[in-house]
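Down below is the structure, laid out as structure tokens.
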Amino acid sequence: MSQGAEGTEQSMSGNGAGTESTPSKSGLELRNLTKIFSGGVIAVEDVNLTVEHGEYLVLLGPSGCGKTTTLRMIGGHEMPTSGEVILDGESLLGLTPDKRPTTTVFQHFALFPHKSVLENVEFGLKMHGVSKEERRTQATETLEMVGLRELADRKPSALSGGQQQRVALARVLVTKPKALLLDEPLGDLDRLLQLRMRVELRNLQRQLGLMFIHVTHNQEESLSMADTIVVMNDAKIQQIGDPLTLATKPANELVATFMGDNNVFRGTIESREGDRIVVDDGHVKASCVVQDDDRATGDAASLSVRAASVILLDEGADAGGDVNSAQCEIVFVEYLGDLIKLHLSAGGERMVAKVPGDNYARLRGQEGNQVRITWKEEDVQLLAAS
Amino acid sequence: MSSSSQPPDQPGAGPRLDIGEIEEAEQALTQELRTTEAALGGQKSQKSGRGIATALLAAPGTAWMLFYLVAPVTFIVLVSFWTQSTSGFEEKWTLDNYERLFSDGTYWRTLRQSIFNSLIVVGATFVMGLPIAYFLAMKVKNLRNQIALFIVALAPFWTSALIRVVAWRDPLMGRSGAVNEILLKIGIINEPLDILSFSNFSVVLAMIQLYVLFMITPLFFMLAQVDRSSLEAARDLGANWFKSFREVVIPQIMPGVVIGSIFIFVLSMGEFATVRVVGGNTVASVGTIIRLQNDFVQFPTAAASAVVLVVVMMVGVVGMLRFANLREDL
């Protein structure tokens, strides 16, 4: 049901819930959500989205795309200029953050510096009038859950980044919110911890069965953690889909470029036979079978091919024509252990191919040499106009 | 890396974050860092050449303090133990001055009144200064406006303090002064209020206006440094505006509150000029008493009064310092 982009394929949350084509009363719904700051800056424009309970949703996009503002409007830290925020059938508009059943994990944790870890975690319960013993029990339990029970009496300044983040998590989880909002939660962590926390955080979410809405600019993080990814740019939703769809079938040029490891050909239609178009961008030609598109020869069109779909041909092998293949110079052989990213130049146009890491022996030091690449027509994706 | 997530059907497992061995590695790294830093710090103090250079750099400041602070104070303490004579004092040790002081009811009454007044001024400047500092620090959007408004608030300080004090007396608070005129015109009173001038009330009022900026400034600086996101987090977790202010803001600005309070308490306790001008001869403070004793060449007595005053001030300051750990939090 959710949209906001000229997307091709979409799929809903991966929770195994049945189909839903009628507006459901349960879950979070954003309707025509817009935020314009004083001065005329449009931060969020006409965002429409539904999120189910138990779903892990990631808002993905570059800095300034509107993802954090959207999150803050859900949490009540920012008031929309127009539109609706509805949770379980009730509008949240006009409710201050303390009155909303959502809680937020802030980017730099925002722990209370003068309170101990335990007092930090107890804070939400204290504000809701829970008795002292009950507070202590619940807080200690939650600290146990994140593995920080022994540090209950420390002050935040005496904790490492990873520990502070877990305190921030415990602090919000103890209040049993209906939805957890996370603003770049892994941004302040060391890389190794970041990678580990992706797995653990997602596991925790699954075990709790809670709705998580997670904001990040890291596409790898989004692919690894999300049930549903919402790509935003320029205040608008560009595409909504599950990780597989976004990785293999980006809807438009913005998404294709942002997800990375896509070769985008922006050119004109050279010829059209039925539903098969051939696009020439001046350096490379690619073909694609399109649906519901009536553009003709001479019209502008953009196609993309995943780097992983690019095949390196052996010396002297025949590519079978100049469509869906190119003669390239190797610019850089980027060895990443399990795989190699081959940075190529097809007559000046930058392209990327991904090949297994055991090719390194024969590819090392090949910068400057020529190589012929090709790909299958069915791996070519038509991109909507951005 | 071994997988260490627990199977979901193990009894008592429940949801948890399994972060064990990464955590240990992190801790080991932090520990190593701390020991290295400590080792480096120890090495520094071993260089004796740096000790001499430091001493030379500190010499002028120390000499200044010795001459202008330590020496005069020591002298006053000495004089307080010497004997009164017709031309001043004789260098004969005695405890008479203190005996006389401790049995002088007027002095103690006045001391009590001064302490009371000072505490009122501290409280009043806090109550008035906090909203202004809050507005400046939290509500004014960009830095330039903040500083501009702060300078505007400083405007009274561009005039001589004496002028301001005199202005309080007749033009503002006198029988035919501005306040009385306005109140008469509106009809709130029928007769001019006498309490407004030459009274303890007017003295306290004048001191509040004189010293309020000493409270606004440290409060403003501390409020400007409050972590905004921790305020948002407090709201997010269910605290309304008042509770988040009490739980998050106040603890973070305590150093500013303490500094402002100390400044104002000490200044108010030592007051004599404002008291004399605004209060006339009807109001006394410890400062005016000391002044009077000096005028009558009773130096040892004045010195004893001064010593007692300073001791009381120090007790107050030490008491206030307990509310904030200035070394850490500032």
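As shown in the structure tokens, the chain order sets the letters A, B, ...; within each chain, residues go from 1, and ligands are also counted from 1 in the order they appear.
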
**OP:** Write out as JSON, numbers by chain every residue belonging to chain B that has an atom at most 6 Å from any atom of chain A, counting only C-alpha atoms.
**Re:** {"B": [15, 16, 17, 229, 230, 235, 236, 237, 238, 239]}

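For Lys67 (chain A), the non-local neighbours within 8 Å, defined as residues at least 2 positions apart in the same chain or in other chains and counting only C-alpha atoms, are A:Val44, A:Leu59, A:Leu60, A:Gly61, A:Gly64, A:Cys65, A:Thr69, A:Thr70, A:Leu71, A:Val215, A:Met232, A:Ala235.
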
What does the file look like for those residues with all heavy atoms, as an mmCIF file, in the first residue's frame?
```cif
data_model
loop_
_atom_site.group_PDB
_atom_site.id
_atom_site.type_symbol
_atom_site.label_atom_id
_atom_site.label_comp_id
_atom_site.auth_asym_id
_atom_site.auth_seq_id
_atom_site.Cartn_x
_atom_site.Cartn_y
_atom_site.Cartn_z
ATOM 1 N N VAL A 44 11.120 17.757 4.223
ATOM 2 C CA VAL A 44 10.402 16.520 3.927
ATOM 3 C C VAL A 44 9.201 16.886 3.078
ATOM 4 O O VAL A 44 8.475 17.833 3.391
ATOM 5 C CB VAL A 44 9.923 15.825 5.224
ATOM 6 C CG1 VAL A 44 9.112 14.584 4.889
ATOM 7 C CG2 VAL A 44 11.102 15.457 6.103
ATOM 8 N N LEU A 59 15.324 3.900 7.174
ATOM 9 C CA LEU A 59 15.252 5.078 6.320
ATOM 10 C C LEU A 59 16.679 5.360 5.860
ATOM 11 O O LEU A 59 17.556 5.652 6.672
ATOM 12 C CB LEU A 59 14.718 6.291 7.086
ATOM 13 C CG LEU A 59 13.265 6.237 7.536
ATOM 14 C CD1 LEU A 59 12.939 7.439 8.416
ATOM 15 C CD2 LEU A 59 12.323 6.211 6.346
ATOM 16 N N LEU A 60 16.904 5.241 4.567
ATOM 17 C CA LEU A 60 18.253 5.328 4.035
ATOM 18 C C LEU A 60 18.381 6.509 3.097
ATOM 19 O O LEU A 60 17.480 6.772 2.297
ATOM 20 C CB LEU A 60 18.570 4.029 3.283
ATOM 21 C CG LEU A 60 19.891 3.933 2.530
ATOM 22 C CD1 LEU A 60 21.051 3.879 3.506
ATOM 23 C CD2 LEU A 60 19.895 2.695 1.637
ATOM 24 N N GLY A 61 19.498 7.211 3.184
ATOM 25 C CA GLY A 61 19.697 8.295 2.252
ATOM 26 C C GLY A 61 20.908 9.121 2.625
ATOM 27 O O GLY A 61 21.423 8.993 3.739
ATOM 28 N N GLY A 64 21.008 15.187 4.663
ATOM 29 C CA GLY A 64 20.129 16.244 4.189
ATOM 30 C C GLY A 64 18.959 15.766 3.362
ATOM 31 O O GLY A 64 18.214 16.563 2.808
ATOM 32 N N CYS A 65 18.742 14.441 3.299
ATOM 33 C CA CYS A 65 17.665 13.949 2.448
ATOM 34 C C CYS A 65 16.312 14.010 3.122
ATOM 35 O O CYS A 65 15.291 13.848 2.461
ATOM 36 C CB CYS A 65 17.958 12.521 2.004
ATOM 37 S SG CYS A 65 17.891 11.345 3.362
ATOM 38 N N THR A 69 14.683 14.197 9.794
ATOM 39 C CA THR A 69 13.523 15.044 10.083
ATOM 40 C C THR A 69 12.258 14.206 10.136
ATOM 41 O O THR A 69 11.396 14.423 10.994
ATOM 42 C CB THR A 69 13.391 16.155 9.024
ATOM 43 O OG1 THR A 69 14.655 16.783 8.842
ATOM 44 C CG2 THR A 69 12.363 17.176 9.437
ATOM 45 N N THR A 70 12.138 13.241 9.221
ATOM 46 C CA THR A 70 10.973 12.358 9.245
ATOM 47 C C THR A 70 10.920 11.597 10.570
ATOM 48 O O THR A 70 9.874 11.511 11.214
ATOM 49 C CB THR A 70 11.031 11.350 8.074
ATOM 50 O OG1 THR A 70 11.209 12.048 6.862
ATOM 51 C CG2 THR A 70 9.772 10.517 8.011
ATOM 52 N N LEU A 71 12.061 11.066 10.980
ATOM 53 C CA LEU A 71 12.110 10.333 12.242
ATOM 54 C C LEU A 71 11.710 11.228 13.413
ATOM 55 O O LEU A 71 10.967 10.827 14.305
ATOM 56 C CB LEU A 71 13.527 9.794 12.472
ATOM 57 C CG LEU A 71 13.652 8.750 13.562
ATOM 58 C CD1 LEU A 71 13.225 7.396 13.044
ATOM 59 C CD2 LEU A 71 15.070 8.669 14.106
ATOM 60 N N VAL A 215 17.426 5.064 11.139
ATOM 61 C CA VAL A 215 17.894 6.011 10.132
ATOM 62 C C VAL A 215 19.384 5.827 9.923
ATOM 63 O O VAL A 215 20.147 5.733 10.882
ATOM 64 C CB VAL A 215 17.603 7.458 10.594
ATOM 65 C CG1 VAL A 215 18.517 8.441 9.899
ATOM 66 C CG2 VAL A 215 16.163 7.819 10.340
ATOM 67 N N MET A 232 15.499 7.693 0.645
ATOM 68 C CA MET A 232 15.032 9.074 0.519
ATOM 69 C C MET A 232 16.123 9.932 -0.082
ATOM 70 O O MET A 232 17.318 9.697 0.139
ATOM 71 C CB MET A 232 14.656 9.641 1.884
ATOM 72 C CG MET A 232 13.410 9.033 2.465
ATOM 73 S SD MET A 232 12.928 9.826 4.008
ATOM 74 C CE MET A 232 12.404 11.428 3.443
ATOM 75 N N ALA A 235 14.270 15.268 0.130
ATOM 76 C CA ALA A 235 13.022 15.399 0.877
ATOM 77 C C ALA A 235 11.933 14.427 0.421
ATOM 78 O O ALA A 235 10.844 14.423 0.993
ATOM 79 C CB ALA A 235 12.484 16.825 0.835
#
```

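Using only C-alpha atoms, the smallest distance between any of A:Ala158, A:Ile42, A:Tyr335, A:Asp280 and Arg34 (chain B) comes from A:Ala158.
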
Subject >> Residue neighbourhood Met215 (chain B), 12 Å, only C-alpha atoms, exclusion window fewer than 6 positions, as number ranges by chain >> reply: B: 121-134, 208-209, 221-222, 253-265

**OP:** as a ChimeraX atom specification, list the residues of region 133-315 of chain A assigned to alpha helix (DSSP H) by DSSP on the backbone atoms of this structure.
**Re:** /A:133-145,161-173,191-208,219-225,243-248,253-259

**OP:** Extract, using only C-alpha atoms, all DNA, RNA and protein residues at most 9 Å from region 84-92 of chain B, discarding same-chain residues fewer than 2 positions from it, and format them as a PyMOL selection string.
**Re:** chain B and resi 78-79+81-82+94+96-97+297-301

Same residues, N, CA, C and O atoms, saved as an mmCIF file, in the first residue's frame:
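So the final result, stored in part-v8.cif, reads:
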```cif
data_model
loop_
_atom_site.group_PDB
_atom_site.id
_atom_site.type_symbol
_atom_site.label_atom_id
_atom_site.label_comp_id
_atom_site.auth_asym_id
_atom_site.auth_seq_id
_atom_site.Cartn_x
_atom_site.Cartn_y
_atom_site.Cartn_z
ATOM 1 N N LEU B 78 46.951 40.788 62.319
ATOM 2 C CA LEU B 78 47.865 41.185 63.397
ATOM 3 C C LEU B 78 47.277 42.337 64.208
ATOM 4 O O LEU B 78 47.219 42.281 65.438
ATOM 5 N N VAL B 79 46.823 43.371 63.495
ATOM 6 C CA VAL B 79 46.290 44.556 64.164
ATOM 7 C C VAL B 79 45.112 44.175 65.060
ATOM 8 O O VAL B 79 44.908 44.749 66.128
ATOM 9 N N PHE B 81 44.802 41.839 66.910
ATOM 10 C CA PHE B 81 45.262 41.331 68.211
ATOM 11 C C PHE B 81 46.093 42.342 68.973
ATOM 12 O O PHE B 81 46.649 42.026 70.021
ATOM 13 N N TRP B 82 46.203 43.571 68.432
ATOM 14 C CA TRP B 82 46.998 44.592 69.121
ATOM 15 C C TRP B 82 46.093 45.539 69.892
ATOM 16 O O TRP B 82 44.882 45.553 69.715
ATOM 17 N N THR B 94 46.785 41.504 72.638
ATOM 18 C CA THR B 94 45.643 41.481 73.541
ATOM 19 C C THR B 94 44.457 40.810 72.846
ATOM 20 O O THR B 94 44.398 40.757 71.624
ATOM 21 N N ASP B 96 41.434 41.855 73.865
ATOM 22 C CA ASP B 96 40.354 42.778 74.233
ATOM 23 C C ASP B 96 39.406 43.062 73.080
ATOM 24 O O ASP B 96 38.185 43.124 73.262
ATOM 25 N N ASN B 97 39.988 43.268 71.891
ATOM 26 C CA ASN B 97 39.145 43.655 70.761
ATOM 27 C C ASN B 97 38.058 42.612 70.499
ATOM 28 O O ASN B 97 36.902 42.934 70.275
ATOM 29 N N VAL B 297 39.213 56.097 64.283
ATOM 30 C CA VAL B 297 40.589 55.651 64.546
ATOM 31 C C VAL B 297 40.631 54.454 65.471
ATOM 32 O O VAL B 297 41.579 54.274 66.229
ATOM 33 N N GLN B 298 39.605 53.637 65.459
ATOM 34 C CA GLN B 298 39.634 52.436 66.306
ATOM 35 C C GLN B 298 40.081 51.256 65.454
ATOM 36 O O GLN B 298 39.314 50.340 65.178
ATOM 37 N N PHE B 299 41.331 51.344 65.058
ATOM 38 C CA PHE B 299 41.815 50.355 64.106
ATOM 39 C C PHE B 299 41.748 48.920 64.600
ATOM 40 O O PHE B 299 41.303 48.049 63.859
ATOM 41 N N PRO B 300 42.195 48.637 65.832
ATOM 42 C CA PRO B 300 42.144 47.231 66.258
ATOM 43 C C PRO B 300 40.714 46.688 66.257
ATOM 44 O O PRO B 300 40.488 45.555 65.844
ATOM 45 N N THR B 301 39.770 47.502 66.712
ATOM 46 C CA THR B 301 38.386 47.034 66.712
ATOM 47 C C THR B 301 37.885 46.787 65.288
ATOM 48 O O THR B 301 37.238 45.775 65.002
#
```

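Rounded to one decimal, CA of Phe116 (chain B) and CA of Trp168 (chain B) lie 21.1 Å from each other.
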
**OP:** Check the smallest atom-to-atom distance from each of B:Ala306, B:Glu232, B:Phe157, B:Val70 to Asn294 (chain B) using only C-alpha atoms, then report the winner.
**Re:** B:Ala306

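The gap separating CA of Arg306 (chain A) from CA of Lys376 (chain A) is 10.7 Å, in Å to one decimal.
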
Original post:
Do you know which residues are at most 12 Å from Thr110 (chain B) counting only C-alpha atoms, after dropping those on the same chain fewer than 2 positions away, and could you put them as a PyMOL selection string?
Top reply: chain B and resi 101+104-108+112-117+200+269+282-290+305+309

**OP:** Could you check how far CA of Val275 (chain B) sits from CA of Phe102 (chain B), in Å to one decimal?
**Re:** 23.4 Å

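Comparing the minimum interatomic distances between Leu182 (chain A) and each of A:Ile277, A:Val331, A:Val58, A:Met225, counting only C-alpha atoms, we find that A:Val58 sits nearest.
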